[in-house]
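Below is protein11.cif, which holds mmCIF, C-alpha atoms and all ligand atoms.
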data_input
loop_
_atom_site.label_atom_id
_atom_site.label_comp_id
_atom_site.auth_asym_id
_atom_site.auth_seq_id
_atom_site.Cartn_x
_atom_site.Cartn_y
_atom_site.Cartn_z
CA MET A 1 23.41 -13.12 64.06
CA ASN A 2 25.01 -15.94 65.97
CA PRO A 3 23.25 -15.49 69.33
CA LYS A 4 26.17 -17.06 71.17
CA ALA A 5 28.57 -14.47 69.82
CA HIS A 6 27.68 -12.10 72.63
CA GLN A 7 27.29 -14.72 75.34
CA PRO A 8 29.87 -14.32 78.07
CA ASP A 9 30.98 -17.86 78.99
CA SER A 10 29.77 -17.47 82.54
CA LEU A 11 26.09 -16.95 81.58
CA PRO A 12 23.65 -19.87 81.50
CA ALA A 13 22.29 -20.57 78.00
CA PRO A 14 18.58 -19.92 77.38
CA GLY A 15 16.25 -22.63 76.03
CA PRO A 16 15.56 -22.98 72.29
CA SER A 17 12.26 -21.06 72.23
CA ALA A 18 13.72 -18.15 74.21
CA LEU A 19 16.70 -18.10 71.85
CA ALA A 20 14.38 -18.08 68.83
CA GLN A 21 12.44 -15.16 70.34
CA SER A 22 15.69 -13.29 70.90
CA GLU A 23 16.79 -13.97 67.34
CA THR A 24 13.47 -12.66 65.96
CA LEU A 25 13.90 -9.44 67.92
CA ALA A 26 17.55 -9.13 66.86
CA ALA A 27 16.49 -9.51 63.21
CA GLN A 28 13.90 -6.73 63.65
CA ILE A 29 16.48 -4.42 65.22
CA ARG A 30 19.01 -5.19 62.48
CA ALA A 31 16.38 -4.30 59.87
CA GLU A 32 15.65 -1.03 61.67
CA ILE A 33 19.36 -0.19 61.80
CA ALA A 34 19.67 -0.87 58.07
CA GLN A 35 16.63 1.30 57.35
CA ALA A 36 18.09 4.11 59.46
CA GLY A 37 21.28 4.11 57.36
CA GLY A 38 23.40 1.78 59.49
CA TRP A 39 23.21 3.36 62.94
CA LEU A 40 20.67 3.76 65.77
CA PRO A 41 21.17 5.83 68.91
CA PHE A 42 21.55 3.54 71.93
CA ASP A 43 18.25 4.62 73.51
CA ARG A 44 16.35 3.26 70.52
CA TYR A 45 18.20 -0.09 70.75
CA MET A 46 17.44 -0.23 74.51
CA GLU A 47 13.79 0.64 73.95
CA ARG A 48 13.40 -2.20 71.43
CA ALA A 49 15.37 -4.68 73.59
CA LEU A 50 13.19 -3.93 76.63
CA TYR A 51 9.77 -3.02 75.26
CA ALA A 52 9.26 -4.47 71.75
CA PRO A 53 5.72 -5.91 72.00
CA GLY A 54 5.82 -9.67 72.64
CA LEU A 55 9.61 -9.84 72.17
CA GLY A 56 11.31 -7.25 74.39
CA TYR A 57 12.43 -8.05 77.93
CA TYR A 58 9.42 -6.36 79.54
CA GLY A 59 7.19 -6.90 76.51
CA GLY A 60 7.79 -10.66 76.40
CA GLY A 61 7.16 -13.49 78.82
CA SER A 62 10.41 -14.01 80.77
CA VAL A 63 10.20 -14.47 84.55
CA LYS A 64 12.31 -11.38 85.45
CA PHE A 65 11.66 -10.88 89.20
CA GLY A 66 12.66 -13.44 91.82
CA ARG A 67 15.22 -14.63 94.31
CA ARG A 68 17.16 -17.33 92.49
CA PRO A 69 18.48 -18.05 88.97
CA GLU A 70 16.92 -21.54 89.18
CA ASP A 71 13.42 -20.05 89.06
CA GLY A 72 14.32 -18.32 85.78
CA SER A 73 14.45 -14.84 87.33
CA ASP A 74 17.12 -12.21 86.72
CA PHE A 75 17.00 -9.78 89.65
CA ILE A 76 15.17 -8.94 92.87
CA THR A 77 13.58 -5.64 93.87
CA ALA A 78 12.62 -4.26 97.29
CA PRO A 79 8.89 -5.15 97.11
CA GLU A 80 9.87 -8.71 96.13
CA LEU A 81 12.45 -8.90 98.91
CA SER A 82 10.04 -8.18 101.75
CA PRO A 83 6.43 -7.18 102.41
CA LEU A 84 7.82 -4.71 104.97
CA PHE A 85 8.87 -2.41 102.12
CA ALA A 86 5.25 -1.87 101.02
CA ALA A 87 3.99 -1.78 104.62
CA THR A 88 6.48 1.01 105.40
CA LEU A 89 5.98 2.98 102.16
CA ALA A 90 2.25 2.95 102.99
CA ARG A 91 2.91 5.37 105.86
CA PRO A 92 4.26 8.35 103.82
CA VAL A 93 1.72 7.51 101.12
CA ALA A 94 -1.02 7.73 103.76
CA GLN A 95 0.38 11.01 105.08
CA ALA A 96 0.48 12.46 101.55
CA LEU A 97 -3.11 11.37 100.84
CA GLU A 98 -4.26 12.95 104.06
CA ALA A 99 -2.23 16.14 103.69
CA SER A 100 -3.54 16.69 100.15
CA GLY A 101 -7.09 15.54 100.89
CA THR A 102 -6.96 13.10 97.96
CA HIS A 103 -8.19 9.50 97.60
CA HIS A 104 -6.56 7.95 94.56
CA LEU A 105 -3.36 5.96 94.03
CA MET A 106 -1.40 5.25 90.86
CA GLU A 107 1.58 2.95 90.48
CA PHE A 108 3.94 2.91 87.50
CA GLY A 109 5.72 -0.30 86.47
CA ALA A 110 4.04 -2.54 89.05
CA GLY A 111 6.22 -5.64 88.48
CA THR A 112 4.56 -8.75 89.90
CA GLY A 113 1.95 -6.70 91.81
CA LYS A 114 3.61 -7.25 95.22
CA LEU A 115 3.92 -3.55 96.03
CA ALA A 116 0.31 -2.92 95.02
CA ALA A 117 -1.02 -5.81 97.14
CA GLY A 118 1.11 -4.78 100.12
CA LEU A 119 0.13 -1.11 99.88
CA LEU A 120 -3.56 -1.90 99.54
CA ASN A 121 -3.49 -4.09 102.66
CA ALA A 122 -1.38 -1.65 104.66
CA LEU A 123 -3.53 1.38 103.80
CA GLU A 124 -6.64 -0.56 104.78
CA ALA A 125 -4.98 -1.56 108.07
CA LEU A 126 -4.07 2.10 108.70
CA ASN A 127 -7.73 3.04 108.07
CA VAL A 128 -6.78 5.37 105.22
CA PRO A 129 -9.73 6.03 102.90
CA PHE A 130 -8.90 5.55 99.21
CA ASP A 131 -11.03 4.93 96.16
CA THR A 132 -8.90 3.58 93.33
CA TYR A 133 -5.47 2.07 92.69
CA SER A 134 -4.48 2.47 89.05
CA ILE A 135 -1.57 0.62 87.48
CA VAL A 136 0.31 1.90 84.45
CA ASP A 137 2.89 -0.42 82.95
CA LEU A 138 4.54 -0.50 79.56
CA SER A 139 4.59 -4.25 79.98
CA GLY A 140 1.15 -5.63 79.07
CA GLU A 141 2.52 -9.09 79.77
CA LEU A 142 2.89 -8.33 83.48
CA ARG A 143 -0.76 -7.31 83.85
CA GLU A 144 -2.02 -10.87 84.39
CA ARG A 145 0.73 -11.56 86.94
CA GLN A 146 -0.19 -8.37 88.80
CA ARG A 147 -3.89 -9.27 88.78
CA ALA A 148 -3.17 -12.77 90.12
CA THR A 149 -0.94 -11.45 92.94
CA ILE A 150 -3.46 -8.80 93.99
CA GLU A 151 -6.39 -11.24 93.90
CA ALA A 152 -4.41 -13.74 96.00
CA GLU A 153 -2.91 -11.31 98.52
CA ALA A 154 -5.49 -8.51 98.76
CA PRO A 155 -8.74 -10.15 97.56
CA ALA A 156 -11.10 -7.78 99.37
CA LEU A 157 -9.47 -4.73 97.75
CA ALA A 158 -8.84 -6.09 94.25
CA SER A 159 -12.00 -4.45 92.87
CA ARG A 160 -10.43 -1.01 93.43
CA VAL A 161 -7.52 -1.82 91.11
CA ARG A 162 -7.60 -0.84 87.44
CA TRP A 163 -5.08 -0.95 84.64
CA LEU A 164 -4.74 2.12 82.44
CA ASP A 165 -3.78 2.06 78.77
CA ALA A 166 -3.23 5.80 78.67
CA LEU A 167 -2.54 8.46 81.29
CA PRO A 168 -5.34 10.79 82.35
CA GLU A 169 -4.73 14.48 81.69
CA GLN A 170 -5.02 15.26 85.38
CA PHE A 171 -4.59 13.21 88.52
CA GLU A 172 -5.29 14.03 92.18
CA GLY A 173 -3.73 11.53 94.56
CA VAL A 174 -0.45 9.75 95.19
CA LEU A 175 1.76 8.34 92.43
CA MET A 176 4.52 5.79 92.98
CA GLY A 177 7.20 4.07 90.94
CA ASN A 178 9.78 1.68 92.34
CA GLU A 179 12.71 0.99 89.99
CA VAL A 180 10.88 2.45 87.02
CA LEU A 181 13.25 5.29 86.09
CA ASP A 182 16.21 2.90 85.84
CA ALA A 183 14.34 0.88 83.21
CA MET A 184 14.02 3.85 80.85
CA PRO A 185 16.20 4.04 77.73
CA VAL A 186 19.39 6.09 77.98
CA ARG A 187 21.67 7.63 75.38
CA LEU A 188 25.40 7.00 75.49
CA PHE A 189 28.20 9.50 74.88
CA VAL A 190 31.92 8.82 74.76
CA HIS A 191 34.61 11.37 75.58
CA ALA A 192 38.03 10.87 73.96
CA ALA A 193 40.73 13.21 72.67
CA ASP A 194 38.91 16.25 74.11
CA ALA A 195 35.71 15.61 72.15
CA TRP A 196 32.35 13.97 72.82
CA ARG A 197 30.76 11.54 70.35
CA GLU A 198 27.41 9.78 70.58
CA ARG A 199 27.68 6.02 70.96
CA GLY A 200 25.04 4.11 69.04
CA VAL A 201 24.51 0.67 67.59
CA ALA A 202 25.60 -0.61 64.19
CA VAL A 203 25.77 -4.09 62.66
CA HIS A 204 29.04 -5.78 61.66
CA ASP A 205 29.41 -7.66 58.38
CA ASP A 206 28.93 -10.92 60.32
CA GLY A 207 25.54 -9.66 61.58
CA GLU A 208 26.65 -8.93 65.14
CA PHE A 209 25.65 -5.73 66.92
CA ALA A 210 28.53 -3.39 67.68
CA PHE A 211 28.96 0.04 69.24
CA ASP A 212 29.70 2.80 66.77
CA GLU A 213 30.24 6.50 67.46
CA ARG A 214 28.97 9.55 65.60
CA PRO A 215 29.49 13.29 66.15
CA VAL A 216 27.09 14.87 68.66
CA SER A 217 24.40 16.46 66.51
CA SER A 218 22.25 18.51 68.89
CA PRO A 219 23.52 21.79 70.40
CA GLU A 220 21.59 21.01 73.64
CA ASP A 221 23.43 17.69 74.06
CA ALA A 222 26.76 19.36 73.24
CA ALA A 223 26.13 22.10 75.81
CA PHE A 224 25.10 19.62 78.51
CA LEU A 225 28.14 17.39 77.90
CA ALA A 226 30.48 20.41 77.91
CA SER A 227 29.00 21.50 81.25
CA LEU A 228 30.22 18.23 82.81
CA GLU A 229 33.84 19.39 82.35
CA ILE A 230 35.06 15.83 81.80
CA GLU A 231 38.71 15.26 81.04
CA GLY A 232 40.17 12.10 79.54
CA ALA A 233 38.46 8.87 78.49
CA TYR A 234 34.86 8.71 79.74
CA LEU A 235 31.52 7.04 79.00
CA ALA A 236 28.36 8.83 80.11
CA GLU A 237 24.65 8.17 79.86
CA THR A 238 22.00 10.87 79.49
CA HIS A 239 18.41 10.37 80.52
CA ASP A 240 15.96 12.09 78.17
CA ALA A 241 13.25 9.44 78.65
CA ALA A 242 13.36 9.51 82.47
CA ARG A 243 13.23 13.31 82.48
CA ALA A 244 10.33 13.39 80.01
CA PHE A 245 8.49 10.81 82.13
CA THR A 246 9.01 12.92 85.27
CA ARG A 247 7.75 16.03 83.45
CA THR A 248 4.68 14.12 82.29
CA ILE A 249 3.69 12.75 85.69
CA CYS A 250 4.38 16.04 87.50
CA THR A 251 2.29 17.93 84.93
CA MET A 252 -0.51 15.40 85.33
CA LEU A 253 -0.39 15.67 89.15
CA THR A 254 -2.71 18.55 89.98
CA ARG A 255 -2.86 17.76 93.70
CA GLY A 256 -1.03 15.17 95.81
CA ALA A 257 2.44 13.62 95.63
CA ALA A 258 4.68 11.44 93.46
CA PHE A 259 7.28 9.10 94.99
CA LEU A 260 10.05 7.70 92.78
CA ILE A 261 12.45 5.18 94.31
CA ASP A 262 15.54 4.00 92.49
CA TYR A 263 19.30 3.55 92.50
CA GLY A 264 21.33 6.55 91.47
CA PHE A 265 23.12 9.73 92.42
CA PRO A 266 22.90 13.51 92.14
CA ARG A 267 24.64 14.91 89.03
CA HIS A 268 27.97 15.80 90.63
CA GLU A 269 28.37 12.22 91.88
CA TYR A 270 26.89 10.61 88.78
CA TYR A 271 29.39 12.16 86.41
CA HIS A 272 32.27 11.82 88.85
CA ALA A 273 35.71 11.34 87.28
CA GLN A 274 35.95 7.89 88.84
CA ARG A 275 32.73 6.65 87.19
CA GLU A 276 34.39 6.77 83.78
CA GLN A 277 32.74 3.55 82.56
CA GLY A 278 29.18 4.87 83.06
CA THR A 279 26.50 2.86 84.86
CA LEU A 280 24.88 0.78 82.11
CA MET A 281 24.32 -2.73 83.47
CA CYS A 282 22.63 -5.90 82.27
CA HIS A 283 21.05 -8.61 84.41
CA TYR A 284 20.55 -12.19 83.36
CA ARG A 285 19.79 -14.96 85.87
CA HIS A 286 21.14 -12.87 88.76
CA ARG A 287 24.46 -12.24 87.01
CA ALA A 288 25.35 -8.64 86.29
CA HIS A 289 27.49 -7.76 83.28
CA GLY A 290 28.02 -4.87 80.88
CA ASP A 291 27.18 -6.22 77.40
CA PRO A 292 23.75 -5.01 76.17
CA PHE A 293 24.02 -7.15 73.02
CA VAL A 294 23.74 -10.47 74.87
CA TYR A 295 20.40 -12.17 74.11
CA PRO A 296 18.39 -9.06 73.13
CA GLY A 297 14.97 -9.30 74.78
CA LEU A 298 16.03 -11.93 77.32
CA GLN A 299 18.12 -9.83 79.67
CA ASP A 300 17.39 -6.64 81.59
CA ILE A 301 19.29 -3.49 80.60
CA THR A 302 19.39 -0.66 83.11
CA ALA A 303 21.26 2.50 84.07
CA HIS A 304 21.48 4.36 87.35
CA VAL A 305 19.27 7.42 87.73
CA GLU A 306 20.70 10.95 87.57
CA PHE A 307 18.54 12.55 90.27
CA THR A 308 19.48 16.18 89.66
CA GLY A 309 17.97 15.88 86.17
CA ILE A 310 14.87 14.23 87.63
CA ALA A 311 14.51 17.03 90.20
CA GLU A 312 14.90 19.69 87.49
CA ALA A 313 12.31 18.00 85.28
CA GLY A 314 9.73 17.87 88.08
CA VAL A 315 10.31 21.38 89.34
CA GLU A 316 10.14 22.83 85.78
CA THR A 317 6.47 21.83 85.75
CA GLY A 318 5.79 23.94 88.84
CA ALA A 319 5.59 20.95 91.21
CA ASP A 320 7.28 21.26 94.62
CA LEU A 321 10.23 19.05 95.48
CA LEU A 322 8.83 17.39 98.60
CA GLY A 323 12.04 15.59 99.55
CA TYR A 324 15.07 13.61 98.44
CA THR A 325 16.96 11.19 100.63
CA SER A 326 18.46 7.72 100.79
CA GLN A 327 16.12 4.72 100.92
CA GLY A 328 17.62 3.74 104.27
CA ARG A 329 16.88 7.14 105.84
CA PHE A 330 13.42 7.30 104.23
CA LEU A 331 12.37 3.87 105.53
CA LEU A 332 13.77 4.53 109.01
CA ASN A 333 11.99 7.89 109.20
CA ALA A 334 8.81 6.22 107.96
CA GLY A 335 8.96 3.71 110.82
CA ILE A 336 10.23 0.44 109.33
CA THR A 337 11.50 -0.68 112.74
CA GLU A 338 7.99 -0.24 114.19
CA VAL A 339 6.59 -2.25 111.28
CA LEU A 340 9.14 -4.97 112.02
CA GLY A 341 8.22 -4.70 115.71
CA ASP A 342 4.69 -5.85 114.84
CA ILE A 343 6.14 -9.32 114.19
CA ASP A 344 6.64 -11.41 117.33
CA PRO A 345 10.40 -12.16 117.65
CA ALA A 346 9.44 -15.50 119.21
CA ASP A 347 7.93 -16.42 115.83
CA SER A 348 11.40 -16.96 114.39
CA ALA A 349 10.14 -18.43 111.11
CA ARG A 350 8.61 -15.01 110.31
CA PHE A 351 10.79 -12.69 112.33
CA LEU A 352 14.26 -13.77 111.17
CA PRO A 353 13.66 -13.45 107.40
CA ALA A 354 11.87 -10.14 108.02
CA ALA A 355 14.76 -8.77 110.11
CA ASN A 356 17.22 -9.98 107.48
CA ALA A 357 15.30 -8.20 104.72
CA VAL A 358 15.10 -4.98 106.75
CA GLN A 359 18.86 -5.14 107.13
CA LYS A 360 19.22 -5.41 103.30
CA LEU A 361 16.81 -2.53 102.70
CA LEU A 362 18.59 -0.25 105.19
CA SER A 363 22.24 -1.25 105.04
CA GLU A 364 24.65 1.20 103.40
CA ALA A 365 26.46 -1.75 101.86
CA GLU A 366 23.25 -3.07 100.24
CA MET A 367 20.19 -1.02 99.23
CA GLY A 368 20.06 1.63 101.94
CA GLU A 369 22.49 4.14 100.44
CA LEU A 370 22.60 3.47 96.70
CA PHE A 371 18.80 3.65 96.44
CA LYS A 372 17.20 7.08 96.83
CA VAL A 373 13.67 8.38 97.19
CA ILE A 374 12.64 11.58 95.46
CA ALA A 375 9.15 13.01 95.88
CA PHE A 376 7.26 15.86 94.22
CA SER A 377 4.02 17.40 95.39
CA ARG A 378 1.30 19.93 94.75
CA GLY A 379 -0.95 21.24 97.49
CA ILE A 380 1.02 19.73 100.40
CA GLU A 381 2.35 22.31 102.86
CA GLU A 382 3.77 20.04 105.55
CA THR A 383 7.04 18.04 105.55
CA LEU A 384 6.39 14.32 105.47
CA ASP A 385 7.77 12.35 108.43
CA ALA A 386 9.75 10.21 105.96
CA PHE A 387 11.76 13.32 104.95
CA ALA A 388 11.86 14.90 108.43
CA SER A 389 15.54 14.13 108.97
CA GLY A 390 18.41 13.49 106.58
CA ASP A 391 16.82 15.28 103.62
CA ARG A 392 19.44 15.66 100.87
CA THR A 393 17.73 18.11 98.55
CA HIS A 394 20.71 20.42 98.94
CA THR A 395 22.95 17.81 97.24
CA LEU A 396 20.97 17.88 93.99
C1 LIG B 1 12.72 -2.95 87.07
S1 LIG B 1 11.01 -3.16 86.82
C2 LIG B 1 10.39 -2.75 88.43
C3 LIG B 1 9.10 -3.45 88.76
C4 LIG B 1 8.52 -3.19 90.14
N1 LIG B 1 8.20 -1.79 90.35
C5 LIG B 1 9.40 -3.69 91.25
O1 LIG B 1 9.98 -2.87 91.96
O2 LIG B 1 9.52 -4.92 91.40
C6 LIG B 1 10.60 -1.76 85.81
C7 LIG B 1 9.16 -1.67 85.39
O3 LIG B 1 8.91 -0.34 84.90
C8 LIG B 1 8.06 -0.42 83.78
N2 LIG B 1 8.15 0.83 83.01
C9 LIG B 1 9.22 1.34 82.36
N3 LIG B 1 8.93 2.50 81.78
C10 LIG B 1 7.64 2.78 82.10
C11 LIG B 1 6.75 3.85 81.81
N4 LIG B 1 7.13 4.89 81.07
N5 LIG B 1 5.50 3.80 82.29
C12 LIG B 1 5.11 2.76 83.04
N6 LIG B 1 5.89 1.69 83.34
C13 LIG B 1 7.15 1.71 82.88
C14 LIG B 1 8.54 -1.68 83.08
O4 LIG B 1 7.59 -2.17 82.17
C15 LIG B 1 8.75 -2.61 84.27
O5 LIG B 1 7.57 -3.26 84.61
#
Show how you would write the structure in this file as structure tokens.
Amino acid sequence: MNPKAHQPDSLPAPGPSALAQSETLAAQIRAEIAQAGGWLPFDRYMERALYAPGLGYYGGGSVKFGRRPEDGSDFITAPELSPLFAATLARPVAQALEASGTHHLMEFGAGTGKLAAGLLNALEALNVPFDTYSIVDLSGELRERQRATIEAEAPALASRVRWLDALPEQFEGVLMGNEVLDAMPVRLFVHAADAWRERGVAVHDDGEFAFDERPVSSPEDAAFLASLEIEGAYLAETHDAARAFTRTICTMLTRGAAFLIDYGFPRHEYYHAQREQGTLMCHYRHRAHGDPFVYPGLQDITAHVEFTGIAEAGVETGADLLGYTSQGRFLLNAGITEVLGDIDPADSARFLPAANAVQKLLSEAEMGELFKVIAFSRGIEETLDAFASGDRTHTL
């Protein structure tokens, strides 16, 4: 494949070794498509593009998280934006540990390790007893970055951190995942002329990847798509992997709570008539665009989370839905303004960037409304302060 073929003009070109890595991955995916008879469902393409060992976006060595394109990064997340995110999340985490009488933490998809380091320090400062902090990440490559961050920023607590290669059958404690669900492979379906078809990936004669549609084969998919009552041209994602992940962690959780934070909507908003282009999005050097075939393995591919499906998946396991609200409401309820108040406003070098970041985390125009927090629990009877007002469970 000519790797430039899918390069929108506005995107910066990668270096030669990154391009070679992308081409190796593209060749592997093309071979898999050929072996599968010329077509792969989109979730398989996305899984390979993100997680192929050593070559996928999260499986390979690209920078990913950061503030600027010049540092080679592609996007920024809340824990990277400000330490106040972790310091505030620590409060509901502490309340959930206490309410469930548990002492273990587990984080999924820990990125650079910033959230882990911040949570460890904040829980220690709050005098919350905890024994272990386990990290589970599909990206083995990020493990060393996480270890370095935690050793630098929370050295006295680093010995409590461990990395798991497989999930335990049971877990008592508090689980967290920030922007993990949006990184899970989605399937694509296209509605046209009163019929749904599944959109997958094929290869053109010139070797380029191209979308190609097939009839919907499973009765479950057909029934779900029909239930959306879509009329006219429409592109929709479905989220089997995110739902399966939620079922797995809620089954594993025998006592405690699970917090999942991500951008997305409840089902009725997600599949709204006006969102007819779907939510699939790619990020490369802080530019967002919609072409998942650009530089496979070098760019992030993501879709918004459909929270009604996530809620159903958790509740099916018998877990309680502890709460669902916007990130802005959750952080305010959890006391982010008090956490900010701990910084002396006279210390403008610290206070101003912190206040600016809080504004980004809370603002409806930035992360405060688009991002949601959903939490499941077992063995917690009380309402957490972070869900005490503005709970939106009824919208799911
Ligand atoms: C967008 S990044 C978010 C990183 C970090 N939580 C942050 O907020 O900066 C998504 C992360 O989720 C991880 N991930 C995706 N699926 C996962 C799974 N099933 N189990 C554990 N980690 C997963 C990816 O490897 C990646 O590290």
Write out as a ChimeraX atom specification each polymer residue (protein, DNA or RNA) that has an atom no more than 6 Å from ligand LIG 1 (chain B), with only C-alpha atoms and all ligand atoms counted.
/A:58,77,79,108-111,136-139,177-180,183-184
Choose the residue, out of A:Arg350, A:Arg30, A:Arg329, A:Arg243, that has the smallest atom-to-atom separation from A:Ala313; count all atoms listed in the file.
A:Arg243
In the coordinate frame of the file, compute which residues have an atom within 12 Å of (13.5, 5.4, 87.1) when using only C-alpha atoms, and state them as JSON, numbers by chain.
{"A": [108, 109, 176, 177, 178, 179, 180, 181, 182, 183, 184, 185, 186, 239, 240, 241, 242, 243, 244, 245, 246, 259, 260, 261, 262, 263, 264, 265, 302, 303, 304, 305, 306, 307, 309, 310, 371, 372, 373, 374]}
Tell me, in Å to one decimal, how far atom CA of A:Ser377 is from atom CA of A:Gln170.
13.7 Å
Closest to A:Gly66 among A:Asp221, A:Arg91, A:Ile301, A:His286, using all atoms listed in the file?
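Closest candidate: A:His286.
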Could you name the residues that touch A:Tyr324 at 8 Å or less, counting all atoms listed in the file, but leaving out those on the same chain fewer than 2 positions away, as a VMD selection string?
chain A and resid 321 to 322 326 372 to 375 387 391 to 393
So what do you get for atom CA of A:Ile230 versus atom CA of A:Phe189, distance-wise?
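About the pair atom CA of A:Ile230 and atom CA of A:Phe189: they are 11.6 Å apart.
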Between A:Gly328, A:Leu396, A:Ser218, A:Gln299, which residue has the minimum interatomic distance to A:Arg267, considering only C-alpha atoms?
A:Leu396
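You will find atom CA of A:Phe209 at 25.0 Å from atom CA of A:Ser73.
The environment of stretch 152-158 of chain A within 9 Å, counting only C-alpha atoms and disregarding residues fewer than 5 places along the same chain, consists of Lys114, Ala116, Ala117, Gly118, Leu120, Asn121, Glu124, Tyr133 and Arg147 of chain A.
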Counting only C-alpha atoms, the residue among A:Pro266, A:Gly140, A:Pro345, A:Pro168 that lies closest to A:Pro53 is A:Gly140
Quick one: of A:Ile33, A:Ile76, A:Leu119, A:Ala26, who's nearest to A:Arg285, counting all atoms listed in the file?
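Using all atoms listed in the file, A:Arg285 sits closest to A:Ile76.
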Dump of stretch 142-154 of chain A from preceding block, N, CA and C atoms, as a PDB file, in the first residue's frame:
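See result_34.pdb below for the written result:
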ATOM      1  N   LEU A 142       3.453   0.427  27.507  1.00  0.00           N
ATOM      2  CA  LEU A 142       3.279   1.551  28.429  1.00  0.00           C
ATOM      3  C   LEU A 142       3.744   1.216  29.850  1.00  0.00           C
ATOM      4  N   ARG A 143       3.970  -0.068  30.118  1.00  0.00           N
ATOM      5  CA  ARG A 143       4.295  -0.492  31.481  1.00  0.00           C
ATOM      6  C   ARG A 143       5.531   0.233  32.024  1.00  0.00           C
ATOM      7  N   GLU A 144       6.570   0.335  31.197  1.00  0.00           N
ATOM      8  CA  GLU A 144       7.804   0.977  31.669  1.00  0.00           C
ATOM      9  C   GLU A 144       7.583   2.466  31.912  1.00  0.00           C
ATOM     10  N   ARG A 145       6.756   3.093  31.062  1.00  0.00           N
ATOM     11  CA  ARG A 145       6.452   4.516  31.281  1.00  0.00           C
ATOM     12  C   ARG A 145       5.684   4.696  32.575  1.00  0.00           C
ATOM     13  N   GLN A 146       4.752   3.790  32.838  1.00  0.00           N
ATOM     14  CA  GLN A 146       3.952   3.885  34.069  1.00  0.00           C
ATOM     15  C   GLN A 146       4.865   3.710  35.290  1.00  0.00           C
ATOM     16  N   ARG A 147       5.753   2.721  35.215  1.00  0.00           N
ATOM     17  CA  ARG A 147       6.649   2.457  36.347  1.00  0.00           C
ATOM     18  C   ARG A 147       7.519   3.687  36.623  1.00  0.00           C
ATOM     19  N   ALA A 148       8.043   4.294  35.556  1.00  0.00           N
ATOM     20  CA  ALA A 148       8.927   5.457  35.728  1.00  0.00           C
ATOM     21  C   ALA A 148       8.157   6.627  36.352  1.00  0.00           C
ATOM     22  N   THR A 149       6.924   6.866  35.893  1.00  0.00           N
ATOM     23  CA  THR A 149       6.135   7.976  36.448  1.00  0.00           C
ATOM     24  C   THR A 149       5.861   7.732  37.928  1.00  0.00           C
ATOM     25  N   ILE A 150       5.448   6.505  38.259  1.00  0.00           N
ATOM     26  CA  ILE A 150       5.069   6.217  39.650  1.00  0.00           C
ATOM     27  C   ILE A 150       6.305   6.301  40.555  1.00  0.00           C
ATOM     28  N   GLU A 151       7.451   5.793  40.067  1.00  0.00           N
ATOM     29  CA  GLU A 151       8.661   5.861  40.899  1.00  0.00           C
ATOM     30  C   GLU A 151       9.112   7.301  41.100  1.00  0.00           C
ATOM     31  N   ALA A 152       8.880   8.155  40.083  1.00  0.00           N
ATOM     32  CA  ALA A 152       9.306   9.559  40.212  1.00  0.00           C
ATOM     33  C   ALA A 152       8.328  10.362  41.065  1.00  0.00           C
ATOM     34  N   GLU A 153       7.016  10.076  40.929  1.00  0.00           N
ATOM     35  CA  GLU A 153       6.029  10.971  41.554  1.00  0.00           C
ATOM     36  C   GLU A 153       5.438  10.418  42.850  1.00  0.00           C
ATOM     37  N   ALA A 154       5.549   9.099  43.056  1.00  0.00           N
ATOM     38  CA  ALA A 154       5.022   8.520  44.306  1.00  0.00           C
ATOM     39  C   ALA A 154       6.002   7.443  44.804  1.00  0.00           C
TER      40      ALA A 154
END
